[in-house]
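*Asks:* Next up, query.txt (compact mmCIF, C-alpha atoms).
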```
# COMPACT_ATOMS: atom_id res chain seq x y z
CA MET N 1 66.11 112.64 -54.27
CA GLY N 2 67.78 113.03 -57.65
CA LEU N 3 71.35 114.09 -58.19
CA SER N 4 72.07 116.76 -60.74
CA ILE N 5 73.77 115.73 -63.95
CA LEU N 6 76.95 117.71 -64.34
CA PRO N 7 78.33 118.90 -67.68
CA PRO N 8 81.68 117.61 -68.90
CA GLU N 9 84.71 119.11 -67.20
CA PRO N 10 86.27 122.01 -69.12
CA GLU N 11 89.72 121.18 -70.48
CA SER N 12 91.29 124.17 -68.71
CA GLU N 13 89.96 123.28 -65.25
CA PRO N 14 92.53 121.47 -63.08
CA GLU N 15 91.76 118.12 -61.49
CA PRO N 16 90.53 118.46 -57.88
CA SER N 17 93.16 118.02 -55.22
CA PRO N 18 92.97 114.81 -53.15
CA PRO N 19 91.20 116.50 -50.17
CA GLN N 20 88.69 118.12 -52.55
CA ALA N 21 88.08 114.82 -54.33
CA ILE N 22 87.58 113.01 -51.01
CA GLU N 23 85.07 115.60 -49.82
CA ALA N 24 83.28 115.55 -53.18
CA PHE N 25 82.94 111.75 -53.05
CA ALA N 26 81.74 111.85 -49.41
CA GLU N 27 79.15 114.47 -50.42
CA LEU N 28 78.06 112.31 -53.36
CA LEU N 29 77.50 109.41 -50.94
CA ARG N 30 75.50 111.65 -48.56
CA ARG N 31 73.33 112.94 -51.40
CA ALA N 32 72.58 109.33 -52.37
CA GLY N 33 71.38 108.69 -48.79
CA LEU N 34 74.46 106.72 -47.73
CA GLY N 35 76.28 107.19 -44.45
CA LYS N 36 79.03 105.69 -42.34
CA SER N 37 76.71 102.91 -41.09
CA SER N 38 75.42 101.94 -44.56
CA ILE N 39 76.14 98.43 -45.84
CA ILE N 40 78.67 98.93 -48.62
CA ARG N 41 79.96 96.29 -51.02
CA VAL N 42 82.79 96.89 -53.47
CA THR N 43 83.56 94.62 -56.38
CA GLY N 44 86.01 94.27 -59.24
CA ARG N 45 89.71 94.61 -59.78
CA ALA N 46 89.85 98.13 -58.29
CA GLY N 47 87.80 97.04 -55.28
CA LEU N 48 90.65 96.69 -52.79
CA ALA N 49 91.63 100.36 -53.06
CA ALA N 50 88.00 101.40 -52.61
CA LEU N 51 87.59 99.04 -49.65
CA LEU N 52 90.62 100.58 -47.97
CA TRP N 53 89.35 104.11 -48.67
CA PHE N 54 86.02 103.37 -47.00
CA CYS N 55 87.72 101.76 -43.99
CA ARG N 56 90.13 104.70 -43.57
CA HIS N 57 87.24 107.16 -43.64
CA GLY N 58 85.18 105.51 -40.91
CA TYR N 59 82.62 103.52 -42.87
CA GLU N 60 81.58 100.68 -40.57
CA GLN N 61 80.06 97.95 -42.75
CA VAL N 62 82.24 97.60 -45.84
CA GLY N 63 83.08 94.36 -47.59
CA TYR N 64 84.52 93.06 -50.84
CA VAL N 65 82.32 90.88 -53.05
CA ARG N 66 84.00 88.95 -55.84
CA GLU N 67 83.06 89.47 -59.46
CA GLY N 68 80.82 86.93 -61.14
CA PRO N 69 77.76 85.07 -59.87
CA SER N 70 76.91 86.34 -56.45
CA SER N 71 74.25 85.77 -53.86
CA SER N 72 74.99 89.17 -52.32
CA ASP N 73 71.83 91.23 -52.44
CA ASP N 74 71.99 93.06 -49.14
CA GLY N 75 74.09 96.16 -49.66
CA ASP N 76 72.87 99.73 -49.48
CA LEU N 77 75.61 100.44 -52.03
CA VAL N 78 77.45 98.29 -54.54
CA LEU N 79 80.44 100.13 -55.97
CA ALA N 80 82.37 98.96 -59.02
CA PRO N 81 85.25 101.46 -58.97
CA GLN N 82 86.95 100.27 -62.17
CA THR N 83 85.82 101.56 -65.55
CA CYS N 84 83.47 99.00 -67.16
CA ASP N 85 82.82 98.81 -70.88
CA LEU N 86 79.27 97.86 -71.92
CA ASP N 87 80.03 94.13 -71.95
CA ALA N 88 81.47 94.25 -68.41
CA LEU N 89 78.53 96.37 -67.22
CA SER N 90 76.08 93.91 -68.76
CA THR N 91 77.83 91.01 -67.00
CA LEU N 92 77.80 92.88 -63.69
CA LEU N 93 74.09 93.64 -64.03
CA ARG N 94 73.25 90.09 -65.08
CA SER N 95 75.29 88.03 -62.65
CA GLY N 96 77.25 90.26 -60.31
CA PRO N 97 76.44 91.56 -56.85
CA ARG N 98 73.41 93.84 -56.61
CA PRO N 99 72.33 96.35 -54.01
CA ARG N 100 69.15 95.62 -52.09
CA ALA N 101 65.91 96.89 -53.63
CA GLY N 102 66.07 100.65 -53.17
CA GLY N 103 69.88 100.50 -52.79
CA VAL N 104 72.43 102.26 -54.97
CA LEU N 105 74.82 101.02 -57.65
CA MET N 106 77.76 103.23 -58.60
CA VAL N 107 79.67 102.24 -61.70
CA GLN N 108 82.10 103.97 -64.07
CA THR N 109 81.89 103.65 -67.83
CA PRO N 110 83.73 105.33 -70.70
CA THR N 111 82.22 108.66 -71.72
CA PRO N 112 79.91 108.01 -74.69
CA GLN N 113 80.94 109.42 -78.07
CA GLY N 114 77.47 110.59 -79.10
CA PRO N 115 74.45 112.21 -77.47
CA ASP N 116 72.93 108.89 -76.37
CA ASP N 117 74.28 107.08 -73.33
CA PRO N 118 74.09 103.30 -73.81
CA ALA N 119 75.22 102.65 -70.22
CA GLN N 120 72.27 104.59 -68.83
CA ASP N 121 69.94 102.74 -71.20
CA LEU N 122 71.34 99.40 -70.01
CA LEU N 123 70.99 100.39 -66.35
CA SER N 124 67.39 101.45 -66.93
CA ARG N 125 66.49 98.22 -68.76
CA SER N 126 68.10 96.24 -65.91
CA GLY N 127 65.87 97.67 -63.21
CA TYR N 128 67.76 100.79 -62.11
CA GLN N 129 66.66 104.41 -61.98
CA VAL N 130 69.65 106.55 -62.95
CA GLU N 131 69.75 109.41 -60.44
CA GLY N 132 72.90 111.08 -61.61
CA CYS N 133 75.90 110.96 -63.84
CA LEU N 134 79.17 112.75 -63.19
CA ARG N 135 80.99 113.17 -66.48
CA GLY N 136 84.71 113.57 -66.81
CA ARG N 137 86.96 113.79 -69.83
CA HIS N 138 87.26 110.04 -70.37
CA ARG N 139 84.74 108.34 -68.11
CA GLU N 140 81.54 108.94 -66.23
CA LEU N 141 80.24 107.78 -62.88
CA HIS N 142 76.64 106.56 -62.88
CA ILE N 143 74.62 106.69 -59.68
CA ALA N 144 71.62 104.38 -60.07
CA ARG N 145 69.02 103.20 -57.56
CA ARG N 146 67.66 99.67 -57.86
CA ARG N 147 63.91 99.74 -58.35
CA VAL N 148 61.83 97.74 -55.92
CA GLN N 149 60.15 95.88 -58.78
CA ALA N 150 63.38 95.45 -60.77
CA PRO N 151 63.33 92.87 -63.57
CA LEU N 152 65.58 89.87 -62.99
CA MET N 153 68.33 89.43 -65.55
CA TRP N 154 69.51 85.84 -65.83
CA ALA N 155 72.49 84.57 -67.73
CA ALA N 156 71.50 82.68 -70.85
```
Show this structure as structure tokens.
*Replies:*
Amino acid sequence: MGLSILPPEPESEPEPSPPQAIEAFAELLRRAGLGKSSIIRVTGRAGLAALLWFCRHGYEQVGYVREGPSSSDDGDLVLAPQTCDLDALSTLLRSGPRPRAGGVLMVQTPTPQGPDDPAQDLLSRSGYQVEGCLRGRHRELHIARRRVQAPLMWAA
């Protein structure tokens, strides 16, 4: 069940209104196989706002997981709503919370400057299958599913 990769937003197109953005995000979750009863974990400095959003929209099993070493490995979704540079993404993948095998990780990174996407390469090397990428003017949202036989990344 792959998600389509969208082209960058045209400069002349207005930002979606809040109700449109909410519906678009809810649809993105549905397309990733996530529903109101899914186990959702949010992490990072923007996690509180995301936690509140999920609670206000009827998601039943939402919790905050702190950044850094984590034993959390049970979520259907781990969402890092803040924009992560490659170093922060690497740290998250190495020692942060992970979704269960087959679960989804959603993370934002800056839009790459060239044709290659180092964030997608890092996700793939870390045991994730990138299913989609929504690109904006300055950042992109990666939707990646953790492979069942994902390699373990340990801190050195």
*Asks:* Find the residue from N:Leu105, N:Ala26, N:Ala46, N:Cys133 that sits nearest to Asp76 (chain N); use only C-alpha atoms when measuring.
*Replies:*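 Of all the options, N:Leu105 lies closest to Asp76 (chain N).
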*Asks:* Between N:Ala119, N:Leu29, N:Met106, N:Ile22, single out the one closest to Ser90 (chain N), counting only C-alpha atoms.
*Replies:*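 Of N:Ala119, N:Leu29, N:Met106, N:Ile22, the one nearest Ser90 (chain N) is N:Ala119, counting only C-alpha atoms.
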*Asks:* Write out as number ranges by chain each polymer residue whose atoms come within 9 Å of Phe54 (chain N), counting only C-alpha atoms; drop sequence neighbours fewer than 6 positions from it.
*Replies:* N: 36, 40, 60, 62
*Asks:* Could you tell me, as a ChimeraX atom specification, which residues have any atom at most 12 Å from (89.3, 86.0, -52.5), counting only C-alpha atoms?
*Replies:* /N:43-45,47-48,63-67
*Asks:* Excluding same-chain residues fewer than 6 positions from Asp121 (chain N), what lies within 12 Å of it counting all atoms listed in the file, as a ChimeraX atom specification?
*Replies:* /N:86,89-90,112,127-130,142,144
*Asks:* Using only C-alpha atoms, pick whichever of N:Ala21, N:Val107, N:Leu92, N:Ile143 has the shortest atom-to-atom distance to Ser126 (chain N).
*Replies:* N:Leu92
*Asks:* Please measure the separation of CA of Pro115 (chain N) and CA of Glu131 (chain N), giving the value in Å to one decimal.
*Replies:*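 Separating CA of Pro115 (chain N) from CA of Glu131 (chain N) is a distance of 17.9 Å.
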*Asks:* Looking at N:Leu51, N:Leu134, N:Leu141, N:Ala32, which one is nearest to Gly103 (chain N), with distances taken over all atoms listed in the file?
*Replies:*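 Closest residue, counting all atoms listed in the file: N:Ala32.
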*Asks:* Could you state the separation of CA of Pro97 (chain N) and CA of Arg146 (chain N) in Å, given to one decimal place?
*Replies:*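 According to the coordinates, CA of Pro97 (chain N) and CA of Arg146 (chain N) are separated by 12.0 Å.
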